[in-house]
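S.K.: Got work_21.cif for you, mmCIF, C-alpha atoms:
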```
data_data
loop_
_atom_site.label_atom_id
_atom_site.label_comp_id
_atom_site.auth_asym_id
_atom_site.auth_seq_id
_atom_site.Cartn_x
_atom_site.Cartn_y
_atom_site.Cartn_z
CA MET U 216 -21.45 -5.68 13.08
CA VAL U 217 -21.72 -7.68 16.31
CA VAL U 218 -19.58 -10.79 16.18
CA THR U 219 -20.15 -13.75 18.46
CA ALA U 220 -17.71 -16.55 19.14
CA PRO U 221 -19.23 -19.99 18.62
CA GLY U 222 -15.93 -21.75 19.14
CA LEU U 223 -13.17 -23.10 16.95
CA SER U 224 -13.68 -25.60 14.18
CA GLY U 225 -11.00 -27.74 12.63
CA ARG U 226 -7.66 -28.47 14.21
CA PRO U 227 -4.41 -26.44 14.22
CA LEU U 228 -2.29 -26.99 11.15
CA VAL U 229 1.46 -26.61 11.26
CA LEU U 230 3.68 -26.57 8.21
CA ALA U 231 5.75 -29.72 8.06
CA GLY U 232 9.49 -29.52 7.83
CA ALA U 233 9.52 -31.01 4.35
CA VAL U 234 7.93 -28.46 2.08
CA SER U 235 6.73 -29.48 -1.35
CA SER U 236 9.38 -29.32 -4.04
CA VAL U 237 7.17 -26.94 -6.01
CA VAL U 238 7.24 -24.29 -3.28
CA TRP U 239 10.96 -24.93 -2.74
CA ARG U 240 11.69 -24.25 -6.39
CA ALA U 241 9.31 -21.30 -6.46
CA VAL U 242 10.90 -19.59 -3.47
CA ARG U 243 14.52 -20.47 -4.01
CA GLY U 244 14.54 -20.53 -7.81
CA LEU U 245 17.04 -23.38 -7.84
CA ALA U 246 18.98 -23.59 -11.07
CA GLY U 247 19.09 -26.74 -13.12
CA GLN U 248 15.73 -28.12 -11.97
CA SER U 249 12.62 -28.48 -14.06
CA GLN U 250 10.01 -25.82 -13.33
CA ARG U 251 6.36 -26.63 -12.92
CA ARG U 252 3.58 -24.17 -13.52
CA LEU U 253 3.03 -21.86 -10.54
CA CYS U 254 -0.45 -20.73 -11.46
CA PRO U 255 -3.92 -22.25 -11.03
CA THR U 256 -5.08 -24.77 -13.60
CA ASP U 257 -7.48 -23.54 -16.24
CA ALA U 258 -10.29 -25.44 -14.52
CA CYS U 259 -10.20 -23.19 -11.41
CA PHE U 260 -8.72 -19.96 -12.76
CA PRO U 261 -9.66 -17.24 -12.05
CA LEU U 262 -10.51 -18.07 -8.47
CA ARG U 263 -13.86 -16.84 -7.25
CA VAL U 264 -13.45 -13.99 -4.74
CA PRO U 265 -16.24 -13.96 -2.11
CA GLU U 266 -18.34 -10.84 -1.72
CA ALA U 267 -18.18 -8.69 1.42
CA ASP U 268 -21.26 -10.26 3.03
CA GLU U 269 -19.75 -13.74 2.63
CA ALA U 270 -16.54 -12.56 4.26
CA ALA U 271 -18.55 -11.05 7.12
CA ARG U 272 -20.27 -14.37 7.73
CA ALA U 273 -16.92 -16.17 7.73
CA VAL U 274 -15.53 -13.78 10.36
CA LEU U 275 -18.73 -14.12 12.39
CA GLU U 276 -18.42 -17.90 12.29
CA HIS U 277 -14.73 -18.08 13.18
CA ALA U 278 -14.40 -15.28 15.78
CA ARG U 279 -12.67 -16.30 18.99
CA ALA U 280 -14.06 -15.85 22.48
CA PRO U 281 -12.89 -13.36 23.57
CA PRO U 282 -11.32 -12.40 20.22
CA PRO U 283 -8.29 -10.16 19.86
CA LEU U 284 -9.32 -7.18 17.78
CA ARG U 285 -8.57 -7.85 14.12
CA ARG U 286 -9.38 -6.05 10.89
CA PHE U 287 -9.99 -7.83 7.62
CA ILE U 288 -10.13 -6.83 3.98
CA ALA U 289 -13.65 -7.90 3.06
CA CYS U 290 -14.32 -5.80 -0.04
CA PRO U 291 -13.14 -7.29 -3.38
CA ASP U 292 -12.61 -3.78 -4.79
CA LEU U 293 -10.28 -2.90 -1.92
CA ALA U 294 -8.41 -6.18 -2.42
CA ARG U 295 -7.90 -5.37 -6.10
CA THR U 296 -6.67 -1.89 -5.16
CA VAL U 297 -4.14 -3.36 -2.73
CA VAL U 298 -2.87 -5.84 -5.33
CA SER U 299 -2.48 -3.10 -7.93
CA ARG U 300 -0.52 -0.95 -5.45
CA LEU U 301 1.73 -3.86 -4.52
CA GLY U 302 2.61 -4.26 -8.18
CA SER U 303 3.80 -0.67 -8.46
CA SER U 304 7.40 0.11 -7.64
CA SER U 305 9.72 3.10 -7.72
CA VAL U 306 12.53 0.76 -8.79
CA MET U 307 12.74 -0.68 -12.30
CA GLU U 308 12.96 -4.46 -12.10
CA PRO U 309 15.05 -6.39 -14.63
CA VAL U 310 13.06 -7.91 -17.47
CA GLY U 311 12.34 -11.59 -16.89
CA ARG U 312 13.18 -11.56 -13.19
CA ARG U 313 10.77 -13.63 -11.14
CA PRO U 314 8.74 -11.38 -8.77
CA PRO U 315 9.21 -11.81 -5.00
CA VAL U 316 7.03 -14.19 -3.05
CA VAL U 317 4.22 -12.45 -1.13
CA LEU U 318 3.93 -13.33 2.55
CA GLU U 319 0.37 -12.44 3.59
CA CYS U 320 -0.26 -11.83 7.29
CA GLU U 321 -3.59 -12.88 8.76
CA PRO U 322 -5.59 -13.53 5.56
CA GLY U 323 -8.73 -14.53 7.50
CA PRO U 324 -11.52 -15.17 4.97
CA GLY U 325 -8.99 -14.98 2.14
CA ILE U 326 -10.35 -12.12 0.03
CA LEU U 327 -6.91 -10.63 -0.55
CA THR U 328 -5.38 -14.11 -0.82
CA ARG U 329 -7.53 -15.07 -3.80
CA THR U 330 -7.00 -11.68 -5.44
CA LEU U 331 -3.23 -12.05 -5.13
CA LEU U 332 -3.41 -15.56 -6.60
CA ASN U 333 -5.56 -14.37 -9.50
CA ALA U 334 -2.89 -11.75 -10.22
CA GLY U 335 -0.27 -14.51 -10.50
CA SER U 336 1.48 -13.96 -7.17
CA ARG U 337 3.04 -16.81 -5.24
CA VAL U 338 1.58 -16.51 -1.75
CA ILE U 339 2.56 -17.77 1.69
CA ALA U 340 -0.46 -17.25 3.94
CA LEU U 341 0.35 -16.89 7.66
CA GLU U 342 -2.86 -17.29 9.69
CA SER U 343 -2.97 -17.31 13.52
CA ASN U 344 -6.62 -18.36 13.93
CA ASN U 345 -6.79 -22.07 13.18
CA ALA U 346 -10.51 -21.78 12.42
CA PHE U 347 -9.62 -20.06 9.13
CA LEU U 348 -7.04 -22.69 8.17
CA PRO U 349 -9.29 -25.41 6.69
CA ASP U 350 -10.62 -23.07 3.99
CA LEU U 351 -7.11 -21.88 3.15
CA GLU U 352 -5.83 -25.47 3.02
CA SER U 353 -8.73 -26.41 0.76
CA LEU U 354 -7.80 -23.55 -1.56
CA LYS U 355 -4.18 -24.67 -1.54
CA LYS U 356 -5.14 -28.14 -2.78
CA LYS U 357 -6.78 -26.64 -5.87
CA LEU U 358 -3.55 -24.98 -6.95
CA ASP U 359 -0.28 -26.26 -8.32
CA GLY U 360 2.17 -24.95 -5.73
CA GLN U 361 1.13 -21.31 -5.91
CA LEU U 362 -0.10 -21.15 -2.30
CA GLU U 363 1.43 -22.32 0.97
CA VAL U 364 -0.41 -22.08 4.31
CA VAL U 365 1.22 -21.84 7.74
CA HIS U 366 -0.34 -21.63 11.21
CA CYS U 367 1.68 -18.61 12.32
CA ASP U 368 1.32 -15.03 13.56
CA PHE U 369 3.84 -12.83 11.72
CA PHE U 370 3.53 -10.07 14.30
CA ARG U 371 4.49 -12.45 17.12
CA LEU U 372 7.57 -13.88 15.47
CA ASP U 373 10.71 -14.11 17.59
CA PRO U 374 9.27 -13.41 21.05
CA ILE U 375 11.67 -12.53 23.84
CA GLY U 376 11.96 -14.72 26.91
CA LEU U 377 8.90 -16.93 26.44
CA GLY U 378 10.71 -20.28 26.51
CA PRO U 379 9.10 -23.22 24.68
CA MET U 380 6.36 -22.18 22.29
CA ARG U 381 3.90 -23.60 19.84
CA PRO U 382 2.12 -22.17 16.77
CA PRO U 383 1.00 -19.59 16.00
CA VAL U 384 4.00 -18.22 17.92
CA MET U 385 7.34 -19.26 16.45
CA TYR U 386 10.83 -18.17 15.55
CA SER U 387 11.44 -16.71 12.10
CA GLU U 388 14.38 -19.08 11.64
CA ARG U 389 12.10 -22.09 11.89
CA LEU U 390 9.52 -20.51 9.58
CA PHE U 391 12.01 -19.61 6.87
CA GLU U 392 13.88 -22.91 7.07
CA ASN U 393 10.63 -24.87 6.75
CA LEU U 394 9.68 -22.78 3.74
CA GLY U 395 13.08 -23.27 2.15
CA ILE U 396 13.81 -19.54 2.03
CA PRO U 397 17.59 -18.99 2.18
CA PRO U 398 19.29 -15.78 3.35
CA VAL U 399 20.59 -13.45 0.65
CA LEU U 400 23.06 -10.58 0.65
CA TRP U 401 21.75 -7.27 1.94
CA THR U 402 22.55 -5.67 -1.40
CA ALA U 403 20.64 -8.34 -3.34
CA ASP U 404 17.12 -7.85 -4.74
CA ILE U 405 14.06 -7.91 -2.50
CA PRO U 406 13.55 -11.61 -1.61
CA LEU U 407 10.10 -11.34 -0.04
CA LYS U 408 7.17 -8.94 0.20
CA VAL U 409 5.10 -8.88 3.38
CA VAL U 410 1.52 -7.57 3.29
CA GLY U 411 -0.85 -7.21 6.22
CA ILE U 412 -2.66 -4.99 8.71
CA VAL U 413 -0.68 -4.04 11.82
CA PRO U 414 -2.65 -4.98 14.97
CA GLN U 415 -4.06 -1.81 16.49
CA LYS U 416 -3.41 -2.63 20.14
CA ARG U 417 0.34 -3.11 19.68
CA GLU U 418 0.92 -0.81 16.71
CA ARG U 419 3.61 1.46 18.17
CA ASN U 420 5.45 -1.38 19.92
CA LEU U 421 5.45 -3.46 16.73
CA LEU U 422 6.94 -0.57 14.76
CA TRP U 423 9.71 -0.38 17.37
CA LYS U 424 10.22 -4.14 17.31
CA LEU U 425 10.54 -4.14 13.51
CA ILE U 426 12.96 -1.21 13.39
CA TYR U 427 15.23 -2.79 16.02
CA ALA U 428 15.19 -6.05 14.03
CA LEU U 429 16.01 -4.19 10.81
CA TYR U 430 19.02 -2.32 12.20
CA GLU U 431 20.33 -5.45 13.91
CA ARG U 432 19.59 -7.54 10.79
CA GLY U 433 17.74 -9.96 13.01
CA SER U 434 14.42 -11.80 12.79
CA VAL U 435 13.12 -11.74 9.19
CA TYR U 436 15.89 -9.34 8.17
CA LYS U 437 18.44 -12.11 8.55
CA TYR U 438 17.21 -13.19 5.14
CA GLY U 439 17.74 -9.92 3.30
CA ARG U 440 15.92 -6.67 2.60
CA ILE U 441 12.38 -7.83 3.38
CA GLU U 442 9.87 -5.34 1.99
CA LEU U 443 6.95 -4.47 4.28
CA ASN U 444 3.61 -3.41 2.80
CA LEU U 445 1.51 -2.72 5.86
CA PHE U 446 -1.70 -0.94 6.77
CA VAL U 447 -1.02 1.37 9.73
CA SER U 448 -3.16 4.07 11.30
CA GLU U 449 -3.01 7.49 9.68
CA LYS U 450 -1.49 9.04 12.81
CA GLU U 451 1.36 6.52 12.84
CA TYR U 452 2.00 7.01 9.14
CA LYS U 453 2.29 10.75 9.65
CA THR U 454 4.75 10.15 12.47
CA LEU U 455 6.88 7.85 10.33
CA VAL U 456 7.21 10.42 7.52
CA ALA U 457 7.37 13.55 9.70
CA LYS U 458 9.99 16.16 8.86
CA PRO U 459 12.18 18.33 11.11
CA GLY U 460 10.49 21.38 12.57
CA ASP U 461 7.25 19.77 13.71
CA ALA U 462 8.04 19.00 17.33
CA ARG U 463 4.64 17.37 17.82
CA ILE U 464 5.31 14.42 15.53
CA TYR U 465 9.01 14.42 14.54
CA GLN U 466 10.17 11.58 16.73
CA PRO U 467 12.92 8.94 16.91
CA LEU U 468 10.72 6.55 14.88
CA SER U 469 10.57 9.19 12.13
CA VAL U 470 14.36 9.41 11.92
CA LEU U 471 15.01 5.69 12.22
CA TRP U 472 12.49 4.51 9.63
CA GLN U 473 13.38 7.22 7.11
CA THR U 474 17.07 6.49 7.53
CA ALA U 475 16.59 2.75 7.11
CA CYS U 476 13.88 2.61 4.45
CA ASP U 477 12.28 4.27 1.50
CA VAL U 478 8.81 4.87 2.98
CA GLN U 479 6.05 5.25 0.38
CA LEU U 480 2.33 5.85 0.81
CA LEU U 481 0.54 3.43 -1.50
CA HIS U 482 -3.10 3.96 -0.53
CA MET U 483 -5.39 5.51 2.10
CA GLU U 484 -8.67 3.82 3.01
CA PRO U 485 -11.37 4.85 5.54
CA TRP U 486 -11.64 2.69 8.65
CA SER U 487 -15.22 1.84 7.68
CA SER U 488 -13.99 -0.14 4.66
CA PHE U 489 -12.52 -2.84 6.90
CA LEU U 490 -14.34 -5.66 8.61
CA THR U 491 -13.69 -6.13 12.33
CA ASN U 492 -14.48 -8.84 14.84
CA SER U 493 -15.29 -6.27 17.51
CA LYS U 494 -17.92 -7.54 19.95
CA SER U 495 -19.39 -4.05 20.30
CA GLY U 496 -19.99 -3.87 16.57
CA GLY U 497 -18.08 -0.57 16.33
CA LEU U 498 -15.14 0.37 14.15
CA SER U 499 -12.81 0.62 17.18
CA ILE U 500 -10.92 3.59 15.76
CA PRO U 501 -8.03 4.62 18.04
CA LYS U 502 -8.34 8.14 19.42
CA SER U 503 -5.93 10.83 18.30
CA VAL U 504 -5.79 14.37 19.67
CA VAL U 505 -2.86 15.86 17.75
CA LEU U 506 -3.30 14.27 14.32
CA LYS U 507 -6.16 13.32 12.04
CA ASN U 508 -6.79 9.61 12.11
CA ASP U 509 -9.55 8.98 9.59
CA HIS U 510 -7.84 6.30 7.52
CA LEU U 511 -5.70 3.23 7.50
CA CYS U 512 -2.66 3.87 5.31
CA LEU U 513 -1.01 1.20 3.18
CA ILE U 514 2.69 2.03 3.25
CA ARG U 515 5.66 0.34 1.64
CA MET U 516 8.89 0.23 3.65
CA THR U 517 11.80 -0.91 1.49
CA PRO U 518 15.15 -1.21 3.30
CA ARG U 519 17.92 0.79 1.68
CA LYS U 520 20.79 -1.09 0.06
CA ASN U 521 23.27 1.48 1.36
CA LEU U 522 21.99 1.57 4.94
CA PHE U 523 25.00 -0.23 6.37
CA THR U 524 28.49 1.22 5.98
CA ASP U 525 31.90 0.80 7.57
CA SER U 526 30.73 3.09 10.39
CA LEU U 527 27.09 1.99 10.75
CA THR U 528 26.83 -1.76 11.11
CA ALA U 529 24.40 -4.29 12.52
CA THR U 530 26.77 -4.56 15.49
CA ASN U 531 26.77 -0.90 16.52
CA SER U 532 23.31 0.05 15.21
CA HIS U 533 21.85 -0.07 18.73
CA VAL U 534 24.17 2.83 19.58
CA PHE U 535 22.80 4.83 16.65
CA ILE U 536 19.22 4.14 17.79
CA LEU U 537 20.01 5.30 21.32
CA MET U 538 21.80 8.41 20.06
CA VAL U 539 18.73 9.41 18.06
CA LYS U 540 16.42 8.77 21.00
CA GLN U 541 18.57 10.86 23.35
CA CYS U 542 18.88 13.73 20.88
CA LEU U 543 15.14 13.93 20.30
CA ALA U 544 14.18 13.59 23.94
CA LYS U 545 14.23 17.40 23.94
CA CYS U 546 13.98 18.59 20.36
CA ARG U 547 14.76 22.25 21.15
CA THR U 548 18.15 21.46 22.65
CA LYS U 549 21.13 22.75 20.70
CA LEU U 550 22.93 19.82 19.12
CA VAL U 551 26.35 21.26 19.98
CA ASP U 552 25.43 21.28 23.67
CA LYS U 553 24.40 17.63 23.50
CA LEU U 554 27.66 16.70 21.77
CA ASN U 555 29.70 18.61 24.35
CA LEU U 556 28.08 16.55 27.09
CA TRP U 557 29.31 13.40 25.38
CA SER U 558 32.80 14.71 24.63
CA PHE U 559 33.87 17.94 26.33
CA GLU U 560 34.19 20.87 23.92
CA SER U 561 34.26 18.60 20.85
CA GLY U 562 30.86 19.54 19.46
CA LYS U 563 31.82 22.53 17.30
CA LYS U 564 34.72 20.71 15.69
CA LEU U 565 32.55 17.75 14.75
CA LEU U 566 29.73 19.91 13.34
CA ARG U 567 32.17 21.91 11.23
CA GLN U 568 33.65 18.68 9.91
CA ILE U 569 30.26 17.50 8.57
CA GLU U 570 29.13 21.01 7.61
CA ILE U 571 26.16 21.27 9.98
CA PRO U 572 25.36 24.73 11.46
CA GLU U 573 26.61 25.13 15.01
CA ASP U 574 23.32 26.63 16.24
CA ILE U 575 21.08 23.84 14.94
CA THR U 576 18.68 22.15 17.37
CA THR U 577 18.26 18.40 17.65
CA GLY U 578 14.72 18.67 16.29
CA SER U 579 15.93 20.42 13.13
CA LEU U 580 18.30 17.70 11.96
CA TYR U 581 17.17 15.57 9.00
CA PRO U 582 17.38 11.75 9.17
CA GLU U 583 20.29 11.57 6.72
CA GLU U 584 22.13 14.16 8.83
CA TYR U 585 21.70 12.01 11.93
CA LYS U 586 23.30 9.13 10.09
CA CYS U 587 26.16 11.36 8.92
CA LEU U 588 26.61 12.64 12.47
CA PHE U 589 26.79 9.13 13.90
CA GLU U 590 29.31 7.97 11.30
CA ALA U 591 31.49 10.98 12.07
CA MET U 592 31.30 10.21 15.79
CA GLU U 593 32.28 6.60 15.15
CA GLN U 594 35.32 7.71 13.15
CA SER U 595 36.34 10.34 15.71
CA LYS U 596 38.83 9.52 18.46
CA GLU U 597 37.18 12.08 20.73
CA PHE U 598 33.89 10.21 21.08
CA ASP U 599 33.57 6.80 22.69
CA GLN U 600 30.49 4.82 23.66
CA SER U 601 30.97 4.77 27.43
CA TRP U 602 28.20 7.34 27.87
CA LEU U 603 25.73 4.91 26.28
CA TYR U 604 26.10 1.67 28.18
CA GLU U 605 23.98 2.34 31.27
CA ASP U 606 21.27 4.16 29.30
CA SER U 607 21.22 1.42 26.68
CA ILE U 608 20.24 -1.24 29.22
CA GLU U 609 17.48 0.97 30.61
CA ASP U 610 16.28 1.92 27.13
CA ASN U 611 15.94 -1.65 25.85
CA SER U 612 14.07 -2.81 28.94
CA ALA U 613 11.54 -0.01 28.55
CA ILE U 614 10.05 -1.42 25.35
CA ASN U 615 7.68 -4.35 25.78
CA PHE U 616 7.74 -6.42 22.60
#
```
Will you turn the file into structure tokens for me?

M.R.:
Amino acid sequence: MVVTAPGLSGRPLVLAGAVSSVVWRAVRGLAGQSQRRLCPTDACFPLRVPEADEAARAVLEHARAPPPLRRFIACPDLARTVVSRLGSSSVMEPVGRRPPVVLECEPGPGILTRTLLNAGSRVIALESNNAFLPDLESLKKKLDGQLEVVHCDFFRLDPIGLGPMRPPVMYSERLFENLGIPPVLWTADIPLKVVGIVPQKRERNLLWKLIYALYERGSVYKYGRIELNLFVSEKEYKTLVAKPGDARIYQPLSVLWQTACDVQLLHMEPWSSFLTNSKSGGLSIPKSVVLKNDHLCLIRMTPRKNLFTDSLTATNSHVFILMVKQCLAKCRTKLVDKLNLWSFESGKKLLRQIEIPEDITTGSLYPEEYKCLFEAMEQSKEFDQSWLYEDSIEDNSAINF
């Protein structure tokens, strides 16, 4: 489908600092206050979900010139599938507990938005293209506090070194404060579910940005164990869940995400099922030589309650990340040799202590073993972090967020 860009309609909308008391109560669940209904009135429920051709016309009408490549859920059946997968969980939730708020990234024509609302979800829609905002705001007015709309790009939250900014770019602290979402303990229940499609152009960098933020408990993770439900390319999904032994795809991202989160595949969908605003009219599928890349994969990444310990903290987590990256730079290197470089002739003693074979290679170590190794190094008097400082500065500057 060839999409033209006739220009923007409407004006940018920014969420005011004073959020409606309904959304405040819905998000924070304040005790002792009367609770209003958080579902559509009978007169407008269920909401009508536009068909795919209507969604295509909406994208055609609101495309930017030149537009950044975006994908949209345009098929009602796919939207219902996504909502059903979001409702599934490997963890039993207490009876009567209010479900987490859903933060939807880039809803566009609002097919998934309406499907989520019809399922009873409380939705915060973050939309970066202000041409889509009037329709979302109109939908919000029909509901009784079940939907909030913000001119914001989730994937551009907390930029580094940009100075003053304006929506859709903003800091997560401002977003969460305006929404009345307070921080919770890391060991508390999931406070918020995020759902969206990771932008193709920056996919790998965004996965790095998110994993750094998670380990440092920064950005959105200041507010607790935020659950991500994201569509990523099939090749990136396979990298994230790769196991030791496959040197082609077992990478630092594999270790770091599996250590930090329970990563679940919820659904696989062909690229052709998604609407794009590509000017060429093509699907714009990224090329992949090593791995199949025929689908977008909806994956759930739930941070582990027990990720942080006395030895692995938000303060020293950058050291753990760098250790993993250095170990997997050459996956056929013997781990004991790498350890001996960091602390002369201390490698065998440390590996025996944590019961890891002395002849194991860095590419054969499982994610949980990397965490165990790091904790043992932190507790050992024979290993310090002096070997990391210079490389750490170079490593952080190499990633363009």

S.K.: Kindly indicate which residue among U:Asp350, U:Glu342, U:Glu484, U:Asp368 lies nearest to Ala294 (chain U), using all atoms listed in the file for the distances.

M.R.: U:Glu484

S.K.: Residues picked by the PyMOL selection byres ((chain U and resi 576) around 10) here, as a list of chain:residue names?

M.R.: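 Those residues are U:Pro459, U:Gly460, U:Cys542, U:Leu543, U:Lys545, U:Cys546, U:Arg547, U:Thr548, U:Lys549, U:Leu550, U:Val551, U:Asp552, U:Lys553, U:Pro572, U:Glu573, U:Asp574, U:Ile575, U:Thr577, U:Gly578, U:Ser579, U:Leu580.
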
S.K.: What would the selection look like, as number ranges by chain, if the PyMOL selection byres ((chain U and resi 597) around 12) were run on the coordinates I just shared?

M.R.: U: 554-562, 564-565, 591-596, 598-601

S.K.: Can you translate the PyMOL selection byres ((chain U and resi 487) around 12) into the concrete residues it hits in this file, as a PyMOL selection string?

M.R.: chain U and resi 216+286-290+293+483-486+488-491+496-500+509-511

S.K.: May I have the residues within 10 Å of Glu431 (chain U) as a list in words, using all atoms listed in the file and disregarding those fewer than 4 positions away in the same chain?

M.R.: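 My list of contacting residues is Leu425, Ile426, Tyr427, Tyr436, Lys437, Thr528, Ala529, Thr530, Asn531, Ser532 and His533 of chain U.
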
S.K.: Please enclose the listed atoms of region 510-521 of chain U in an axis-aligned box, pad each side by 5 Å, and write out the centre and the three edge lengths in Å, rounded to one decimal, as lines of an AutoDock Vina configuration file.

M.R.:
```
center_x = 7.7
center_y = 2.5
center_z = 3.8
size_x = 41.1
size_y = 17.5
size_z = 17.5
```

S.K.: Quick one: everything within 12 Å of Leu429 (chain U), counting only C-alpha atoms, minus sequence neighbours fewer than 2 positions away in the same chain. Send it as an MDAnalysis selection string.

M.R.: chainID U and resid 401 422:427 431:443 471:472 474:476 516:519 522:523 528:530 532:533 536

S.K.: Would you work out the distance separating CA of Leu348 (chain U) from CA of His366 (chain U), expressed in Å to one decimal?

M.R.: 7.4 Å

S.K.: From the options U:Met538, U:Leu527, U:Met380, U:Cys367, which residue's atoms come nearest to Pro467 (chain U), counting only C-alpha atoms?

M.R.: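 Distance minimum relative to Pro467 (chain U) lands on U:Met538.
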
S.K.: So the first atom is CA of Gly302 (chain U) and the second is CA of Pro315 (chain U); what is the distance between them in Å, to one decimal place?

M.R.: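 Taking CA of Gly302 (chain U) as the start and CA of Pro315 (chain U) as the end point, the length is 10.5 Å.
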
S.K.: Please report the interatomic distance between CA of Leu390 (chain U) and CA of Glu319 (chain U) in Å with one decimal.

M.R.: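 CA of Leu390 (chain U) sits 13.6 Å away from CA of Glu319 (chain U).
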
S.K.: Under the rule that only C-alpha atoms are counted, which of U:Ala428, U:Lys416, U:Leu341, U:Leu400 is the nearest residue to Pro374 (chain U)?

M.R.: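 Among the listed residues, U:Ala428 lies closest to Pro374 (chain U).
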
S.K.: Looking at U:Leu445, U:Val298, U:Val539, U:Val365, which one is nearest to Ser469 (chain U), with distances taken over all atoms listed in the file?

M.R.: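 That would be U:Val539, the residue with the smallest distance to Ser469 (chain U).
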
S.K.: Just checking: using only C-alpha atoms, which residue out of U:Pro406, U:Leu262, U:Val534, U:Asp268 ends up closest to Gly335 (chain U)?

M.R.: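 Counting only C-alpha atoms, the residue closest to Gly335 (chain U) is U:Leu262.
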
S.K.: Do a neighbour search on Cys512 (chain U) at 10 Å with only C-alpha atoms, toss out local chain neighbours closer than 6 positions, and write the hits as a list in words.

M.R.: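 Those residues are Ile412, Asn444, Leu445, Phe446, Val447, Ser448, Glu449, Lys450, Glu451, Tyr452, Lys453, Leu480, Leu481, His482, Met483, Glu484, Pro485 and Trp486 of chain U.
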
S.K.: Go through U:Asp461, U:Glu590, U:Glu570, U:Glu352 and flag the residue nearest Thr328 (chain U), using all atoms listed in the file for the distances.

M.R.: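 Checking each candidate against Thr328 (chain U), we get U:Glu352 as the closest.
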
S.K.: Tell me which residues come within 9 Å of (4.3, -14.2, -3.5), as a ChimeraX atom specification, counting all atoms listed in the file in the file's coordinates.

M.R.: /U:242,314-319,331-332,335-339,361-362,407-409

S.K.: Next, the residues of the selection above should be written as a CSV table (one decimal), keeping the file's coordinate frame with C-alpha atoms.

M.R.:
```csv
chain,number,residue,atom,x,y,z
U,242,VAL,CA,10.9,-19.6,-3.5
U,314,PRO,CA,8.7,-11.4,-8.8
U,315,PRO,CA,9.2,-11.8,-5.0
U,316,VAL,CA,7.0,-14.2,-3.0
U,317,VAL,CA,4.2,-12.4,-1.1
U,318,LEU,CA,3.9,-13.3,2.6
U,319,GLU,CA,0.4,-12.4,3.6
U,331,LEU,CA,-3.2,-12.0,-5.1
U,332,LEU,CA,-3.4,-15.6,-6.6
U,335,GLY,CA,-0.3,-14.5,-10.5
U,336,SER,CA,1.5,-14.0,-7.2
U,337,ARG,CA,3.0,-16.8,-5.2
U,338,VAL,CA,1.6,-16.5,-1.8
U,339,ILE,CA,2.6,-17.8,1.7
U,361,GLN,CA,1.1,-21.3,-5.9
U,362,LEU,CA,-0.1,-21.2,-2.3
U,407,LEU,CA,10.1,-11.3,0.0
U,408,LYS,CA,7.2,-8.9,0.2
U,409,VAL,CA,5.1,-8.9,3.4
```
